[in-house]
Structures are given as C-alpha cells and as structure tokens.
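Novice: To start, I am sharing the structure in question, which I have written as structure tokens.
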Protein chains: 2
Amino acid sequence: MTTRADLAALDQSDPLARKREEFALPEGLIYLDGNSLGALPRAVAGHLERVVREQWGQDLITSWNKHGWIDLASRVGAKIARLVGAEPDEVIAADSTSINLFKVLLAALKLRPERRVIVSDVDNFPTDLYIAQGVRQLLGERYELRLVKKDEVEAALDDQTAVLMLTEVDYRSGWRYDMAAVTRRAQQKGALVIWDLAHSAGAFPVRLDACNADFAVGCGYKYLNGGPGAPAFLYVARRHQGAALPFLTGWMGHRSPFDFDPFYDPAEGVHRMKVGTPPVLSLSALDKALDVFADVDMEEVRRKSLRLTDLFIEGMEPLCAEYGFKLVTPREHERRGSQVAYAHPEGYAIVQALIASGVVGDFRAPDILRFGFTPLYLRYQDVAEAVERLERVMRQGLWKAERFRERAKVT
Amino acid sequence: MTTRADLAALDQSDPLARKREEFALPEGLIYLDGNSLGALPRAVAGHLERVVREQWGQDLITSWNKHGWIDLASRVGAKIARLVGAEPDEVIAADSTSINLFKVLLAALKLRPERRVIVSDVDNFPTDLYIAQGVRQLLGERYELRLVKKDEVEAALDDQTAVLMLTEVDYRSGWRYDMAAVTRRAQQKGALVIWDLAHSAGAFPVRLDACNADFAVGCGYKYLNGGPGAPAFLYVARRHQGAALPFLTGWMGHRSPFDFDPFYDPAEGVHRMKVGTPPVLSLSALDKALDVFADVDMEEVRRKSLRLTDLFIEGMEPLCAEYGFKLVTPREHERRGSQVAYAHPEGYAIVQALIASGVVGDFRAPDILRFGFTPLYLRYQDVAEAVERLERVMRQGLWKAERFRERAKVT
C-alpha cells in the first residue's frame, strides 16, 4: 500500500512538479476535471488582456497584419501539431470539434465515392454520432451509419466501408483504442480513418504520423487548457491535402481571401479547411495556453499520468469493496487514457457531494463518476487526498442530501 | 457649405455624443473602419478579465451552471434580437457568419424540396457565394446557383427559385436593398429569403419581423463591436422553427445534450441551430459589448448615420472634382447603409497613406476606398477632419510612396 510519505517523495522527485505553478488553481481544490475544462494557465490572463486592450483597442483593424491575427489559426495549429505527431502544415485550429468533424467526414466520404458506409463506435461521444447522422441525412439514405460496440469494430469493416470514425479515448470509461492497429486494419479494407483526439491531445503522446492516420479532429479546452469552448483543431494528412475538399467553403479557406473573387478557389493544403473569420480572442487564449507545453516531454506526461491513475485505482479499491463502486477503466496501461471512471447507481449525488467537499470530478449519464488526471497540475498527494475526501462522503452519507436536489443543466 | 462651427454645434447637441466615452479609442485617430472591426467598448476589457480569472480560473467547470455559460448563446442572441426586429427566441449567437449561412441555406433548401435554384447577388460578399457554391457541390449538379446584378434580382426569381440569399448592404458600395419589398417579391414566387445583416445589425434599425424575413445571419464584430472574429448570429422566423432542421447536428443543438443519447433529437426552435461547444471567451466579449446598445434608440443611430455620411459626401465633393474620386454609394438615403465608398485607381496606396495620417478606412479590390461611419463613437467634427487629412494626402502626394510597398496580407 502506498503511504502519504511515498506520495510526498514522488512529488519531490517529479520532473513535472514545476509546471503546477504555471496554472491558476483555487486554493485547496483538487481538480479532477481537466478532461472536461482544463485549468487556466496563468500567462493566458495577461496575454488576453493585452490582446484586448492593445491589439483590439489600440491597433484595431491593423492587428490582422501587425499582430498576425490572419495567420493565428495556422500558428496555433502548428503548436498543436507537435503534440499529436503531425507536421506544422497538417493542422489548423478552427471552429468546434463538431464542425471540424463535419468537414473532414464529408471530405473523406468524397475521397471514397464508390463506398457508402460510415463505421463508428456506438459509445462514441454523442456529438460525433450526431454529426455523422446529419451528414447521412444530407447525403441521403443510400449512406449507412454502422454503429457497433468497441469489440465489433474490426468485424464491421468491409469493402463498402468508406470511413471509420472513432474517438481514441472513450469519454466515459477512459478506454483507449490501439490507434496504429485499428488504422491499419481499416486501411487494409480500403477505408479512411478519422480520429477524434478530444481526450488524447495534451494528455499523452499521440503519433498521427506513425499511425498513418488520414484525418483527425480534437478539442482545445480539455488537456490543451485553451479556455471554455476554445477553438478545436483539425488534421489532414499531407498525402490527402491535394484531393480533400471542404464543402464548408468560407472565405478564410480561399486561396486569396482579399481578392474578393466571387468564385471559390481552395487554398493550399489544410488551410482550405478554414471557413469564416476565427474568434481571435478565444484563439489567442488557446495560443498562449499551448506555450505551457513548450518545455514539456509528452513521454514524461504519460509516465506521470499512468502513475497517477494507477495510484487512484489502488486507493479506490477499499471503497469499491465497501461502497459498491465498479471500475470501468481498463487496468491495462495500453488501453487507458488519462482518466479513471467508476459506475455507481448514486453517481450523480456522490459527484455533487464530492464537489462540495473540494474534489471536482464529473458525472456522465447513466451512472458514471469520471475523474480526469492532468499531470501538468496534479500532485501525487492530491490522489490520496481525493480518495480520502470521497471516503468521507461515503462514510458520512454526505451524498444523500444531493439526491433530492434539482439537477443542474450541465452535469 | 458646412463649417467647423456648424459641426461643433452638431456635436454639442448630439444625443449620442455621450456614447463615445464608452469606447476605448486611440488618441487622435479617426476610425472609419467600424464596419470591418468595431472599436473596443471599455467595459469589455474588465468583464473579460473577470470571465478569465474568476469564472474560468476559479469556478472552473461549475461556471457552465454558476455563470450561465450554457445559456450564453441564447442570452446573447436575445440581445441581438432587439436590434434586428426579432423575438428573443428567434436568434442565437454562434459560430461564424459563413457557417451560420451554411446552416440556414441547407435548412431553407430542404423546406423547398421541389425547387432547385438559389438566387444571389454576384456582388454579394464572397464568403456568402462560396458557401452557396459549397452547398451546391454537396447537393449535386441538379441545383443551380443563379448570380445576378442587383437590378436583375427580381427578374431572376421564378417558380424554380428555392432561396433568395442577399446581404442587405453591399460591403463595397454601401448600397442597401429594400428588404421589405424584395422579401415580398421573392415570397410571392414561393421562395424563401435569407438576409445577411453583416453591415446592418447595430448600424441602423432592422425589422426582420415587419419585413417577414424567413432566415437571417449576421456578424458580431462589425457594428456590434464584439471583438475580432466575434461569434456571429443566426435568425429563424418562428413560423419555420418547427420544420427547419440543421444538418450540422451537434450536441449543443440536441434536445438534452447531457443525456448523452447516441441519437440526435433536435432541440426546440432556433436552439437546434447550435452545433458545438461555443467559444465562451469570445462570446462573453460580445455579450458585454452589446450592453452599449441597452440605452440606445436605433432610430437615433440612423439619423446620425445619415447626417455623418451626408456630411462626408458633401465634404468630399471638391476632392472628387480635383483628384478623381468617384462616389459609388447612393446619395438616396433609403438605398444607403452606414458607409461611404469611392472608386479611385490608386485606392490601395491612398488608403495606406491615409491610415499613416491617422484616418483608418479600408480598401476593397479592385479600386474601392471604404469609410464606415459608426454613430456611437464618431463625432461630426471627425468627418471634417478626415476629409482634411485626405485632402492633404492627395495635395502632398503622400500616397505615391505607398504604391511600391508590398501589400499587406489583409487589405
């Protein structure tokens, strides 16, 4: 059994411990929800204030050139590229994950015009499934959306499969696909593969290049700490950039937006996937937030993530036995993202009581308690403290008062 | 001829003069580009700092409920509704103008499934045309995009027209459509009408209700002063809200996003047009910026806008005679937005030299000098000063040095 002294020693020797002070975290709070909204990197606040007061307020329209707003989506994309195993010219920051998925899904389907099937995981994050449903409605009933369980994905691929569309890490269970193997199998069937990296980018090393991924999308506001609703990102492998076309054809994806040509002419490469004018304030926050990663070794992040989650799983074992929590996250390292989830029939009330006691996790219907572990700002000692507070919530029955409260809109 | 004393008197008695101090404007600068990027409302900077440091930094994920982030798109939409003659439940703030147009154009086409023609103005803002081209490419060659000159729009409408899609005020010339009359004529032919209010919302009173508009979109960063790339808005007339469906079906447009249902079920009304997680920082800036309008009578804004633009046109007459500027904005009030534009073969160089002398207008290819007049922060005396500085640029030939400079990316 790991003792508090062991954990203090781990914190002492943690090469990532220095990163914690780069984040603004409320005193005494243990934040295990960076997989939903990443904490505020301290440098962002001052940077955004300068963008507002100086760039917008003083330099006004000239900032598009003077402060490089016009290239911001590409510059931010290049910073993200480094974290996901891509080249700088393969990634842009833009729009939301949902909209980016819509763009690459349409582009991918048009690259496989003779095929009619989209395969995905029925437990994929719902917005991914909704986007595929919207695309199917748009393109007509001749398209099929084949939703299967994780262990049925391989069998669901056939010579009619145009696109396999998966989220690498399951948002509820934290289960992680073998990206390289799954991509290879789908490509052997002639399909293209789109990866949603919402729970991957910034959480551990991603190798889109080594996995030979075709397309990817991902989220700016979870492990990338870009702020609430931060712009998302989009990846198109270089080999597809000539042929992949957007159907959301906006002026920022035009070859020469400021020629004001009435006819659309796609920009080179991934840049054609830009659509409208980007939200510069939100994008600037994400831009600055990414600098936190500049001196970070993602392999180190992964090592710490696995230790944190292993320790949490170990610490929770007595609570599982005593209070009926059921681990739904794989113990196997290769199959685990950077979160740990438990099923419990009173999950909602327990999460609320735990938040009231200063440990922020979240609840995912129907019965999942979800705890995200962000190695850049969590300490090993936080793991023990979180387990202790949860033990108190259960022992003292603090969650019972939460059962009858009206549920918040966002759970 | 209007004298400086006349202008000082106009400023003295201007009921909107008090609004100027609510904006942060660089000392000595005359900013005639609020139709491209609105100036910074002072209250936005402090508000955004609180959103970053307190809401994001301290309250973290709980802010979705505690600070109402989850309803922000609707609350901001309701503030915009008041400015465009709509009900609060007919407008949301979301995404970019381009993406919103994509959504409502697809929705409108599906409401006229037996028709195959989209009519628009060949001089419409290019991104609107690009979006229509993308939609046509997606739906197939059986759709026709009919692009005509402004005076040919009526004749282009027939019983095959599904959608008429126009921007009320031409981004180059400032020419303004008669929204009520054009809408009526298109509807008489059985078509639906989409208005782009990019150069209308916040510039003068818009009456989507009285004009019986079907759909509309518009920009948050021009006359609404929401900041660079601020989220755009989208309007669906209540009578269409039951039948109009998005094809960009994201989780924020689901009836119950936090049920995490794998199947899409559209939210009520305009809310189904939300897609992904909104960029809360940019949206919060827009939210606060709109408060500037809370005590503003839009009829008063229009009166001042017409006086400002009349005075500028009058002041420019000697320069037209002497230096060859050609007015392209209608003198007729009913046909004018809140900008004045001139054609000049050396337009680009002249605009650059004028900016160097402290008057910010902009250039639109091939030869248009464009000056936006924002009644909330411009003074009557600014008009005379702008004309004087332009006169000096021409008289002293200051623009000649600009001819040989490399053009900036954004012009």
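Just remember, in the structure tokens the first chain shown is A, the second B, etc., residues are 1-based per chain, and ligands are 1-based in the order shown.
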For chain A against chain B, which residues fall within 7 Å using only C-alpha atoms, given as a PyMOL selection string?
Specialist: chain A and resi 24-26+37+39-40+45+49+52-53+56-58+60-61+64-65+95-99+122+126-127+129-131+134-135+138+228-231+247-251+258-264+275-282+365+408-411
Novice: Using the selection just defined, write its residues with C-alpha atoms as an mmCIF file, in the first residue's frame.
Specialist:
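Printed below is result13.cif as written:
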```cif
data_model
loop_
_atom_site.group_PDB
_atom_site.id
_atom_site.type_symbol
_atom_site.label_atom_id
_atom_site.label_comp_id
_atom_site.auth_asym_id
_atom_site.auth_seq_id
_atom_site.Cartn_x
_atom_site.Cartn_y
_atom_site.Cartn_z
ATOM 1 C CA ALA A 24 -4.064 29.339 -11.502
ATOM 2 C CA LEU A 25 -5.803 26.818 -9.273
ATOM 3 C CA PRO A 26 -8.212 27.628 -6.446
ATOM 4 C CA LEU A 37 -12.312 22.006 -18.918
ATOM 5 C CA ALA A 39 -7.376 24.831 -15.740
ATOM 6 C CA LEU A 40 -6.283 28.393 -16.514
ATOM 7 C CA ALA A 45 -4.928 36.142 -18.413
ATOM 8 C CA GLU A 49 -5.736 41.429 -21.606
ATOM 9 C CA VAL A 52 -7.985 43.100 -25.901
ATOM 10 C CA ARG A 53 -6.574 46.438 -24.739
ATOM 11 C CA TRP A 56 -8.057 45.242 -30.471
ATOM 12 C CA GLY A 57 -8.386 48.509 -28.524
ATOM 13 C CA GLN A 58 -5.385 50.415 -29.868
ATOM 14 C CA LEU A 60 -7.719 47.907 -34.216
ATOM 15 C CA ILE A 61 -8.040 46.626 -37.778
ATOM 16 C CA TRP A 64 -4.736 41.492 -38.693
ATOM 17 C CA ASN A 65 -1.291 42.179 -40.104
ATOM 18 C CA ASP A 95 -14.335 26.175 -35.209
ATOM 19 C CA SER A 96 -15.576 23.440 -32.870
ATOM 20 C CA THR A 97 -14.749 19.728 -32.811
ATOM 21 C CA SER A 98 -18.244 19.011 -34.173
ATOM 22 C CA ILE A 99 -17.850 21.337 -37.144
ATOM 23 C CA VAL A 122 -21.983 3.351 -30.586
ATOM 24 C CA PRO A 126 -22.617 11.767 -28.945
ATOM 25 C CA THR A 127 -21.758 14.887 -30.942
ATOM 26 C CA LEU A 129 -22.509 10.432 -33.839
ATOM 27 C CA TYR A 130 -24.889 13.358 -34.351
ATOM 28 C CA ILE A 131 -22.574 14.873 -36.943
ATOM 29 C CA GLY A 134 -26.534 14.886 -40.063
ATOM 30 C CA VAL A 135 -24.122 14.048 -42.865
ATOM 31 C CA LEU A 138 -27.741 15.356 -46.063
ATOM 32 C CA PRO A 228 -14.055 27.301 -22.162
ATOM 33 C CA GLY A 229 -15.193 26.420 -25.677
ATOM 34 C CA ALA A 230 -11.708 27.109 -27.082
ATOM 35 C CA PRO A 231 -11.401 26.575 -30.838
ATOM 36 C CA PHE A 247 -17.822 21.679 -48.501
ATOM 37 C CA LEU A 248 -17.985 24.330 -45.835
ATOM 38 C CA THR A 249 -16.272 26.700 -48.209
ATOM 39 C CA GLY A 250 -15.715 30.014 -46.464
ATOM 40 C CA TRP A 251 -13.565 32.974 -47.336
ATOM 41 C CA PHE A 258 -8.640 39.563 -50.051
ATOM 42 C CA ASP A 259 -9.022 39.342 -53.790
ATOM 43 C CA PHE A 260 -12.769 39.139 -53.087
ATOM 44 C CA ASP A 261 -13.217 36.806 -56.018
ATOM 45 C CA PRO A 262 -16.875 35.727 -56.351
ATOM 46 C CA PHE A 263 -15.772 32.146 -57.111
ATOM 47 C CA TYR A 264 -14.310 29.786 -54.577
ATOM 48 C CA VAL A 275 -14.163 28.704 -43.037
ATOM 49 C CA GLY A 276 -15.177 32.047 -41.503
ATOM 50 C CA THR A 277 -13.308 34.713 -39.558
ATOM 51 C CA PRO A 278 -11.808 32.995 -36.491
ATOM 52 C CA PRO A 279 -12.710 34.057 -32.926
ATOM 53 C CA VAL A 280 -9.431 35.848 -32.275
ATOM 54 C CA LEU A 281 -9.913 36.334 -28.533
ATOM 55 C CA SER A 282 -10.622 32.659 -27.833
ATOM 56 C CA ALA A 365 -25.175 9.517 -17.565
ATOM 57 C CA ALA A 408 -28.010 21.262 -12.817
ATOM 58 C CA LYS A 409 -28.260 21.800 -16.578
ATOM 59 C CA VAL A 410 -24.726 20.645 -17.107
ATOM 60 C CA THR A 411 -23.867 17.534 -15.165
#
```
Novice: Can you list, as a count of residues only, every protein, DNA or RNA residue that comes within 8 Å of stretch 385-395 of chain A when you count only C-alpha atoms, leaving out same-chain residues fewer than 2 positions away?
Specialist: 17
Novice: Give me the residues within 10 Å of stretch 169-181 of chain A as an MDAnalysis selection string, counting only C-alpha atoms and dropping any in the same chain fewer than 4 places off.
Specialist: chainID A and resid 35:36 121 123:126 150 185:187 193 195:200 206:213 327:343 363:365 367:372
Novice: Just the number, please: distance in Å from atom CA of A:Glu141 to atom CA of A:Met165, one decimal.
Specialist: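 It comes out at 18.8 Å.
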Novice: Within stretch 59-281 of chain B, find each residue whose DSSP state, derived from the backbone, is helix (DSSP H, G or I), and express the selection as an MDAnalysis selection string.
Specialist: chainID B and resid 59:66 69:84 88:90 97:111 126:139 150:156 179:188 208:211 238:240 251:253 257:259 269:273 280:281
Novice: Which residues come within 10 Å of B:Leu157, counting only C-alpha atoms, excluding same-chain residues fewer than 2 positions away, as a short mmCIF file (atom, residue, chain, number, x, y, z; two decimals) with N, CA and C atoms, in the first residue's frame?
Specialist:
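This is the output file part34.cif:
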```cif
data_model
loop_
_atom_site.label_atom_id
_atom_site.label_comp_id
_atom_site.auth_asym_id
_atom_site.auth_seq_id
_atom_site.Cartn_x
_atom_site.Cartn_y
_atom_site.Cartn_z
N VAL B 117 -33.23 26.16 -57.38
CA VAL B 117 -32.42 27.34 -57.70
C VAL B 117 -32.20 28.22 -56.47
N ILE B 118 -30.92 28.59 -56.30
CA ILE B 118 -30.55 29.60 -55.29
C ILE B 118 -30.21 30.86 -56.08
N VAL B 119 -30.87 31.96 -55.75
CA VAL B 119 -30.57 33.23 -56.42
C VAL B 119 -29.77 34.11 -55.47
N SER B 120 -28.71 34.72 -55.97
CA SER B 120 -27.99 35.70 -55.16
C SER B 120 -27.40 36.78 -56.06
N ARG B 146 -27.80 30.91 -59.19
CA ARG B 146 -28.02 31.95 -60.19
C ARG B 146 -27.52 33.28 -59.62
N GLU B 152 -31.10 42.97 -61.44
CA GLU B 152 -31.66 41.81 -62.14
C GLU B 152 -32.27 40.78 -61.16
N VAL B 153 -32.18 41.08 -59.87
CA VAL B 153 -32.62 40.10 -58.88
C VAL B 153 -34.09 39.74 -59.07
N GLU B 154 -34.92 40.74 -59.21
CA GLU B 154 -36.35 40.47 -59.32
C GLU B 154 -36.66 39.58 -60.52
N ALA B 155 -36.04 39.91 -61.64
CA ALA B 155 -36.29 39.13 -62.85
C ALA B 155 -35.74 37.70 -62.75
N ASP B 159 -40.50 30.22 -60.54
CA ASP B 159 -41.13 29.17 -59.74
C ASP B 159 -40.18 28.00 -59.47
N GLN B 160 -38.92 28.12 -59.90
CA GLN B 160 -37.91 27.14 -59.53
C GLN B 160 -37.01 27.65 -58.40
N THR B 161 -37.22 28.93 -58.02
CA THR B 161 -36.35 29.52 -57.00
C THR B 161 -36.71 29.00 -55.62
N ALA B 162 -35.78 28.31 -55.03
CA ALA B 162 -35.98 27.83 -53.66
C ALA B 162 -35.65 28.92 -52.65
N VAL B 163 -34.51 29.57 -52.87
CA VAL B 163 -33.99 30.52 -51.88
C VAL B 163 -33.40 31.74 -52.58
N LEU B 164 -33.77 32.90 -52.06
CA LEU B 164 -33.08 34.15 -52.43
C LEU B 164 -32.21 34.52 -51.23
N ARG B 185 -41.49 40.20 -52.84
CA ARG B 185 -41.47 39.70 -54.23
C ARG B 185 -40.99 38.26 -54.32
N ALA B 186 -39.97 37.95 -53.56
CA ALA B 186 -39.46 36.57 -53.59
C ALA B 186 -40.49 35.61 -53.01
N GLN B 187 -41.12 36.03 -51.94
CA GLN B 187 -42.13 35.14 -51.32
C GLN B 187 -43.34 34.96 -52.22
N GLN B 188 -43.66 36.01 -53.00
CA GLN B 188 -44.76 35.86 -53.96
C GLN B 188 -44.45 34.76 -54.99
N LYS B 189 -43.16 34.56 -55.25
CA LYS B 189 -42.77 33.49 -56.18
C LYS B 189 -42.62 32.15 -55.46
N GLY B 190 -42.89 32.15 -54.18
CA GLY B 190 -42.79 30.90 -53.42
C GLY B 190 -41.41 30.60 -52.86
N ALA B 191 -40.49 31.55 -52.99
CA ALA B 191 -39.13 31.32 -52.49
C ALA B 191 -39.01 31.74 -51.01
#
```
Novice: Give the answer as one residue: which of B:Leu308, B:Pro15, B:Arg407, B:Glu346 has the shortest atom-to-atom distance to B:Thr2, using only C-alpha atoms?
Specialist: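 Using only C-alpha atoms, the shortest distance to B:Thr2 belongs to B:Leu308.
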Novice: Between atom CA of A:Gly269 and atom CA of B:Glu144, what is the distance, to one decimal in Å?
Specialist: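 Rounded to one decimal, the two atoms are 27.9 Å apart.
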Novice: Between atom CA of A:Leu111 and atom CA of A:Val182, what is the spacing in Å?
Specialist: 19.6 Å
